[in-house]
Each structure stands twice: as C-alpha cells, then as structure tokens.
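Enquirer: Take a look at the following structure, please.
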Amino acid sequence: MGPMDVAAPGRSRARTADEAHGPVVKRHNAVVRATHWLTALAMLVLVMSGLAIFNAAPYLDASDQNNPARRVLAIESDTSGATPVGTLTIFGHTIKTTGLLGYTDDGTGQPAERAFPGWITFPAEQDLAGARRWHFFFGWTLLIVGLIYFISGIVRKDLALIVLRPSDIPKMWPMQAYYLKLRKEPPPHGKYNPLQKAGYTGLLFVLVPFLILTGAALSPGIDAFAGPLTALLGGRQFARLWHFAAMLALIAFTFGHVGLVISTGFFNNMRSMLLGTYRPSKYEGPGP
Amino acid sequence: MRRGLFVASSLSAALAGCGRVTNALNENAGVKGVIDSAERLDHFAIGTRGMAKIYPDSEIDYQFPTNGLPTPTSEAPYARVLKDGFANYELPVGGLVDHPQTFSLRALQALTSIAETTRHDCVEGWSVIGKWAGVPMARILAMVGPKPNARYVMFYSFDRDEQGTPFYGSIDLHQAVHPQTQLALKLNGKPIDADHGGPVRLRIPTQLAYKSTKWVQRIELVSSFKGIYGGQGGYWEDNGYEWYAGI
C-alpha cells in the first residue's frame, strides 16, 4: 500500500478513508482468524448439505402437521408435457424455474426432477444419507468453533468490542449516511463501527444461535428432552420452516458482509483476517 | 452475444466442476471416515433421554402415508400370514436370551398395554401423527430374559428390496427398554394393515421412522451386528444412513 492508493482515480471515498490513515496495527488475533475461516467453511457446507436434505421433501408448511393448505413454499416439477417444467410456488404464486429449481441438474450433469440443482448441494448427487452426515459433522464444527470464539473473546476481553451498546444506536444512521455518501465523514467509533456492531451482534447472538436451535428442534431425540424449545418454535415439523428462513437470513448477511469487505478496502480487510494486521481509518479508535 | 455464451458456458463448467469436487469428497473413504464420526457425537450428546411428546387424539392425521420399500405381498412367508388375515402369524424371539419364545398374534394382543399418539418422523423431512398401540418392547425382553452379553435387538422383516436384499434393523438394549419403544399392533384404533407394516411393526418415537422396522418376522438378541448382512445394523444403515437416528 502506498500513495498510489490514494491517488488512483475512480476509488470510492470510503475506500481511501479506510485505507490511507494511521499506522498498521494488530486487529484480529489468531483465534479470531482461525475461527472466522472455519466458521465460513462450516456455513458453506451446512447451507449446501442443508439444501440437499431439503431436496428430499422440497416444501415448507407454516404448520406442525404437514398441512398442504398452509404450504408457504414448494419446489415442484411437471414431466407430463413434451418438455419438463420446474416450478417454485411461494405464498401461492407459482413461477417457472426450469433449470434453476424443480427440474434441474441431478449432480452428474443430467437434467432430473430435483428441487435444488446439483451444483448448489453437498454432495451434488442425490444422497440424503451422505448429506445428513456432512450436515451434522459441520453442525458440530460450527458449535465447537463458535464456543472457542466466545470463550476466547471473553477471556481476552475483546468480545465486548463487537457488542452493540445503547450509545451506538444514535450513531447508526450517521454511519449509514456515510456509506450512502450522504455524509463526508463517519462518526468516530471503536474497533468496529456502529453498523458493524449491529450486524455482528445480530449474527453472533441471534442468527447463529437461532440456526443451531431451529436445527436441533428438528431432532426427535432432542425433542424428547427439550420439548419446551420445540414448542416455542411451533413444533418439530414447524421448526423446519424457521430453520430454512434462518438459512436465507444467513445468506443475506453473507452477501452484505462480502460486499462490504470488498467495498471498504478489500486488501486491508483481507489482510486483517488472514495475517491479523490492519491500517485503521482516522475515525477508528481502540476502544469499543 | 458470443461473449455472453462464453461466460455462461464457463460458469456452467465451473459449477459442474464444483459438483465433481463435492461428489468426490462424499465418495472418498478416508474423508467419509472423518465425517461419519459425528454420529458417535450425536449418539453421545443426544442419546435416548426423556419421553417423546404425546399429542392429543384430535391431532391424529388419518391420511397416514406409506413410504420405504413396497409391501411384501409377493414374499411367500408374508403371503402365507396375510392370506388368513394374520391369524396364524407367530413371532419368534431368540438369540442371546434365557427363555426363547414364540408369540402368537393373540398372545401379543393380550400383552398390549400401551397406546400413545406420537409423531412419526420421516428422514425425508415430513412427519405424521398417529395413535400406536402395542406391546412395550421392555415387556417382551423381560419375558425372554436377555443374557448378559446381549447388546442389540435385531428385527428381521418379511420384506426384501427389488434386488432381493432382506430388510432388517436394530436398536440397542437401552433404546429397546425405553417405555415408548413398542411392538405396535394397532394404528389409530385398527389393526395395522399390510401397507403400514402389519401385523406387527416396531415403533420407536424417539428416533426417525426408518428405525421402526415394518412387517417384523423374527427378533434376535445379539452381542454385535458386525457379521449380519452389511454389518451396519440395518438395511438403511447398510445404505449409508446413521445407525443412531435420534437426529
């Protein structure tokens, strides 16, 4: 990184502001970096194997009874005509999705009656038994890696830096205004800006625990000793809808996260999560 | 246009490559050995604890679907018991037990002491609530008396798949004596019909339904299932599914 970065034309203001100021500092310790990438891997395989498991019963009911009258989502195929058709029905509206959903690649390059295509499932070929095993292995991985992250963050006292505080809330709109280029400078903040804190607090304390709990609620063995949890989610069958919805929220988060990593100084951000070092902007202080 | 086509074809090639990688990982014995180890953690952490939820009878779904292998009407031993409405059905319970016994259908009916409305969870992701009545497995085991070295209860079915491979399943003694594990004789107040596994099927509501062997022909207590058929403890287990199906 040198003066070139600042002078390069076409750079966004956010990028230069974040990259160009201050000396290089240590940002993420080795535990944070290792758990970040292990979590990313686990989530990738969990989403892909989850879609493979979903393919075995590609519909979701807002009901604890498999009630088709309360079906909110169904991926189907119709092979009765001359050309097979794949469809997605969501809240009663059906759209043709041949090739993408319903009638898609079966994981070996052949078209087949299959909800999610082979390239997005893990494994690509239809193998419910295998997909379940990958899902549970990486479910445990996510749980264990997450616990290591939390314990390390508490012991090293740096987890608190990422948690949204009441004093951050008035700073959230000014930060958003800065991202939208409606404001020249972001509000002064600590290691994480107020929007990062809101996003990561939601991810770490709400979304990921919800993903794990809604997944656990699908298990008849867990239901037998954790009935109140399952009841809270509308029952063991209903929880399948929550688990799927939480997965969509995770994908939305990931798009936002990766988009911001790219747009706020890709190399600086990647360096911080790979090597641990980072050049903070002049608006970032060491505190919370 | 040509450029769009190039982008589309390279994208689909990349996606096909991604599929080849996931399939190769899934088929690699070494990788699978590591991945499959999670089952031990599932069994240890979840196990067979507590009681499956009992539903009110008002939630019974009378459209109970059938799934799995087809009804074994063409299997000679099953056809024989089916012919006279299961009246001559007999269930031998043997293996590592002190008192091997054969139970007539009438004897099993007389032992029936449990009727519970529970959820039947298919591994595919759907479920259905039904009222199952039958004999607690614990009662059968108390009568035959497992030997100290008995560890698993094997359930052999009348059924075979299209290739002629016999259907069977197993649970351990801890799961077998769970008060909700039963040899079911009735579904929703009626004798279980041929399509739903009649006259006698296993019913284990704390695990997925593929453990609930239909059309039980014979029960055997063993110390290990390693030498039986595929060696994984059941037909579905021999086809890659977990032996511990509480998750």
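Convention: chains lettered A, B, ... in structure tokens order; per-chain residue numbering from 1; ligands numbered from 1 as shown.
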If we count only C-alpha atoms, which residues of chain A reach to within 7 Å of chain B? Please list them as a compact mmCIF listing (two decimals) with C-alpha atoms, in the first residue's frame.

Expert:
# COMPACT_ATOMS: atom_id res chain seq x y z
CA ALA A 56 -35.89 -34.98 -0.05
CA ALA A 57 -39.10 -33.08 0.87
CA GLN A 65 -48.87 -31.12 10.62
CA ASN A 66 -47.56 -31.13 7.02
CA GLY A 107 -25.42 -33.59 -9.82
CA GLY A 118 -26.50 -30.39 -8.06
CA TRP A 119 -24.05 -27.50 -8.20
CA PHE A 122 -23.42 -31.03 -1.00
CA PRO A 123 -22.91 -33.63 -2.30
CA ALA A 124 -24.00 -32.74 -5.84
CA GLU A 125 -25.53 -36.18 -6.45
CA ALA A 129 -27.77 -40.20 3.92
CA GLY A 130 -24.48 -38.58 2.88
CA ARG A 133 -23.72 -36.83 7.71
CA TRP A 134 -21.96 -33.78 6.22
CA PHE A 136 -24.19 -32.96 11.28
CA PHE A 137 -20.38 -33.04 11.12
CA SER A 219 -34.42 -33.91 16.05
CA PRO A 220 -36.84 -36.38 17.67
CA GLY A 221 -34.13 -37.35 20.19
CA ILE A 222 -33.62 -33.73 21.30
CA ASP A 223 -37.37 -33.06 21.31
CA ALA A 224 -37.78 -35.89 23.84
CA PHE A 225 -35.80 -33.95 26.47
CA GLN A 237 -42.34 -30.02 11.92

Enquirer: Can you list, as a list in words, every protein, DNA or RNA residue that comes within 6 Å of segment 220-228 of chain B when you count only C-alpha atoms, leaving out same-chain residues fewer than 4 positions away?

Expert: Val93, Gly94, Gly95, Leu96, Asn149, Ala150, Arg151, Tyr152, Val153, Met154 and Gly233 of chain B

Enquirer: Restricting it to N, CA and C atoms, dump the selection as a PDB file, in the first residue's frame.

Expert:
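Below you can see selection_34.pdb, which holds the result:
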ATOM      1  N   VAL B  93     -38.821 -64.997  19.255  1.00  0.00           N
ATOM      2  CA  VAL B  93     -37.827 -64.103  19.858  1.00  0.00           C
ATOM      3  C   VAL B  93     -36.736 -64.992  20.437  1.00  0.00           C
ATOM      4  N   GLY B  94     -35.530 -64.871  19.876  1.00  0.00           N
ATOM      5  CA  GLY B  94     -34.454 -65.776  20.287  1.00  0.00           C
ATOM      6  C   GLY B  94     -33.108 -65.091  20.332  1.00  0.00           C
ATOM      7  N   GLY B  95     -32.061 -65.880  20.099  1.00  0.00           N
ATOM      8  CA  GLY B  95     -30.701 -65.352  20.187  1.00  0.00           C
ATOM      9  C   GLY B  95     -30.188 -65.437  21.608  1.00  0.00           C
ATOM     10  N   LEU B  96     -29.510 -64.383  22.076  1.00  0.00           N
ATOM     11  CA  LEU B  96     -28.881 -64.397  23.389  1.00  0.00           C
ATOM     12  C   LEU B  96     -29.907 -64.104  24.486  1.00  0.00           C
ATOM     13  N   ASN B 149     -24.430 -60.926  27.813  1.00  0.00           N
ATOM     14  CA  ASN B 149     -23.659 -60.439  26.667  1.00  0.00           C
ATOM     15  C   ASN B 149     -24.537 -59.925  25.522  1.00  0.00           C
ATOM     16  N   ALA B 150     -25.859 -59.900  25.714  1.00  0.00           N
ATOM     17  CA  ALA B 150     -26.743 -59.375  24.668  1.00  0.00           C
ATOM     18  C   ALA B 150     -26.644 -57.845  24.662  1.00  0.00           C
ATOM     19  N   ARG B 151     -26.454 -57.249  23.469  1.00  0.00           N
ATOM     20  CA  ARG B 151     -26.337 -55.789  23.377  1.00  0.00           C
ATOM     21  C   ARG B 151     -27.366 -55.172  22.441  1.00  0.00           C
ATOM     22  N   TYR B 152     -27.701 -55.900  21.386  1.00  0.00           N
ATOM     23  CA  TYR B 152     -28.602 -55.332  20.371  1.00  0.00           C
ATOM     24  C   TYR B 152     -29.794 -56.241  20.142  1.00  0.00           C
ATOM     25  N   VAL B 153     -30.905 -55.617  19.804  1.00  0.00           N
ATOM     26  CA  VAL B 153     -32.099 -56.362  19.416  1.00  0.00           C
ATOM     27  C   VAL B 153     -32.245 -56.214  17.908  1.00  0.00           C
ATOM     28  N   MET B 154     -32.212 -57.339  17.194  1.00  0.00           N
ATOM     29  CA  MET B 154     -32.324 -57.315  15.735  1.00  0.00           C
ATOM     30  C   MET B 154     -33.776 -57.611  15.356  1.00  0.00           C
ATOM     31  N   GLY B 233     -25.931 -52.794  10.927  1.00  0.00           N
ATOM     32  CA  GLY B 233     -27.029 -52.839  11.900  1.00  0.00           C
ATOM     33  C   GLY B 233     -28.414 -52.676  11.301  1.00  0.00           C
TER      34      GLY B 233
END

Enquirer: I'd like the interatomic distance between atom CA of Tyr156 of chain B and atom CA of Ala29 of chain B, to a tenth of an Å.

Expert: 28.7 Å

Enquirer: Write out as a count of residues only each polymer residue whose atoms come within 8 Å of Val144 of chain B, counting only C-alpha atoms; drop sequence neighbours fewer than 4 positions from it.

Expert: 8

Enquirer: For Tyr89 of chain B, find every residue with an atom within 7 Å (counting only C-alpha atoms), except residues of its own chain fewer than 5 positions away, and show them as a list in words.

Expert: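 Residues near the query, excluding close chain neighbours: Val81, Ser104 and Leu105 of chain B.
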
Enquirer: Which residues, written as a ChimeraX atom specification, have at least one atom at most 7 Å from Asn55 of chain A, with only C-alpha atoms counted and residues fewer than 5 positions away on the same chain left out?

Expert: /A:114-116

Enquirer: Those same residues - C-alpha atoms - I'd like them written as a CSV table (one decimal), in the first residue's frame.

Expert:
chain,number,residue,atom,x,y,z
A,114,ARG,CA,-34.8,-32.2,-8.4
A,115,ALA,CA,-35.6,-29.2,-6.3
A,116,PHE,CA,-32.2,-27.6,-5.9

Enquirer: Would you return as a ChimeraX atom specification the members of segment 61-195 of chain A that DSSP assigns to alpha helix (DSSP H) on this structure's backbone?

Expert: /A:128-155,169-179,194-195

Enquirer: Would you mind listing what lies within 9 Å of segment 73-78 of chain B as a VMD selection string, with only C-alpha atoms counted and same-chain residues fewer than 5 positions away left out?

Expert: chain B and resid 83 158 to 160 194 215 217

Enquirer: Output the selection as a PDB file, in the first residue's frame - N, CA, C and O atoms for each residue.

Expert:
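Contents of result.pdb, as written:
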ATOM      1  N   LYS B  83     -52.727 -64.236   4.029  1.00  0.00           N
ATOM      2  CA  LYS B  83     -53.852 -64.957   3.423  1.00  0.00           C
ATOM      3  C   LYS B  83     -55.019 -65.115   4.402  1.00  0.00           C
ATOM      4  O   LYS B  83     -56.164 -64.859   4.059  1.00  0.00           O
ATOM      5  N   PHE B 158     -40.227 -59.372   6.983  1.00  0.00           N
ATOM      6  CA  PHE B 158     -40.636 -60.222   5.869  1.00  0.00           C
ATOM      7  C   PHE B 158     -40.180 -59.622   4.530  1.00  0.00           C
ATOM      8  O   PHE B 158     -40.213 -60.289   3.509  1.00  0.00           O
ATOM      9  N   ASP B 159     -39.796 -58.343   4.559  1.00  0.00           N
ATOM     10  CA  ASP B 159     -39.625 -57.587   3.318  1.00  0.00           C
ATOM     11  C   ASP B 159     -38.239 -57.764   2.700  1.00  0.00           C
ATOM     12  O   ASP B 159     -37.251 -58.046   3.391  1.00  0.00           O
ATOM     13  N   ARG B 160     -38.208 -57.575   1.397  1.00  0.00           N
ATOM     14  CA  ARG B 160     -36.965 -57.543   0.637  1.00  0.00           C
ATOM     15  C   ARG B 160     -37.055 -56.391  -0.343  1.00  0.00           C
ATOM     16  O   ARG B 160     -38.146 -56.014  -0.751  1.00  0.00           O
ATOM     17  N   ALA B 194     -51.552 -54.148   5.974  1.00  0.00           N
ATOM     18  CA  ALA B 194     -50.340 -54.651   5.319  1.00  0.00           C
ATOM     19  C   ALA B 194     -49.441 -53.496   4.863  1.00  0.00           C
ATOM     20  O   ALA B 194     -48.217 -53.558   5.008  1.00  0.00           O
ATOM     21  N   TRP B 215     -43.331 -55.059   9.231  1.00  0.00           N
ATOM     22  CA  TRP B 215     -43.508 -56.482   8.917  1.00  0.00           C
ATOM     23  C   TRP B 215     -42.495 -57.368   9.671  1.00  0.00           C
ATOM     24  O   TRP B 215     -41.784 -58.172   9.074  1.00  0.00           O
ATOM     25  N   GLN B 217     -40.749 -60.202  11.301  1.00  0.00           N
ATOM     26  CA  GLN B 217     -40.911 -61.661  11.148  1.00  0.00           C
ATOM     27  C   GLN B 217     -40.258 -62.402  12.303  1.00  0.00           C
ATOM     28  O   GLN B 217     -40.724 -63.457  12.731  1.00  0.00           O
TER      29      GLN B 217
END

Enquirer: Given the choices B:Glu90, B:Asp57, B:Glu116, B:Asp238, which gets closest to Thr165 of chain B if the distance is worked out from only C-alpha atoms?

Expert: B:Asp238

Enquirer: Taking only segment 38-185 of chain B into account, list the residues labelled strand (DSSP E) by DSSP (computed from the backbone), as a ChimeraX atom specification.

Expert: /B:90-95,101-104,114-121,127-136,152-160,166-172,182-185

Enquirer: So what do you get for atom CA of Asp78 of chain A versus atom CA of Gly99 of chain A, distance-wise?

Expert: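 So the two atoms, atom CA of Asp78 of chain A and atom CA of Gly99 of chain A, lie 12.5 Å apart.
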
Enquirer: So what do you get for atom CA of Pro286 of chain A versus atom CA of Leu204 of chain A, distance-wise?

Expert: 21.2 Å
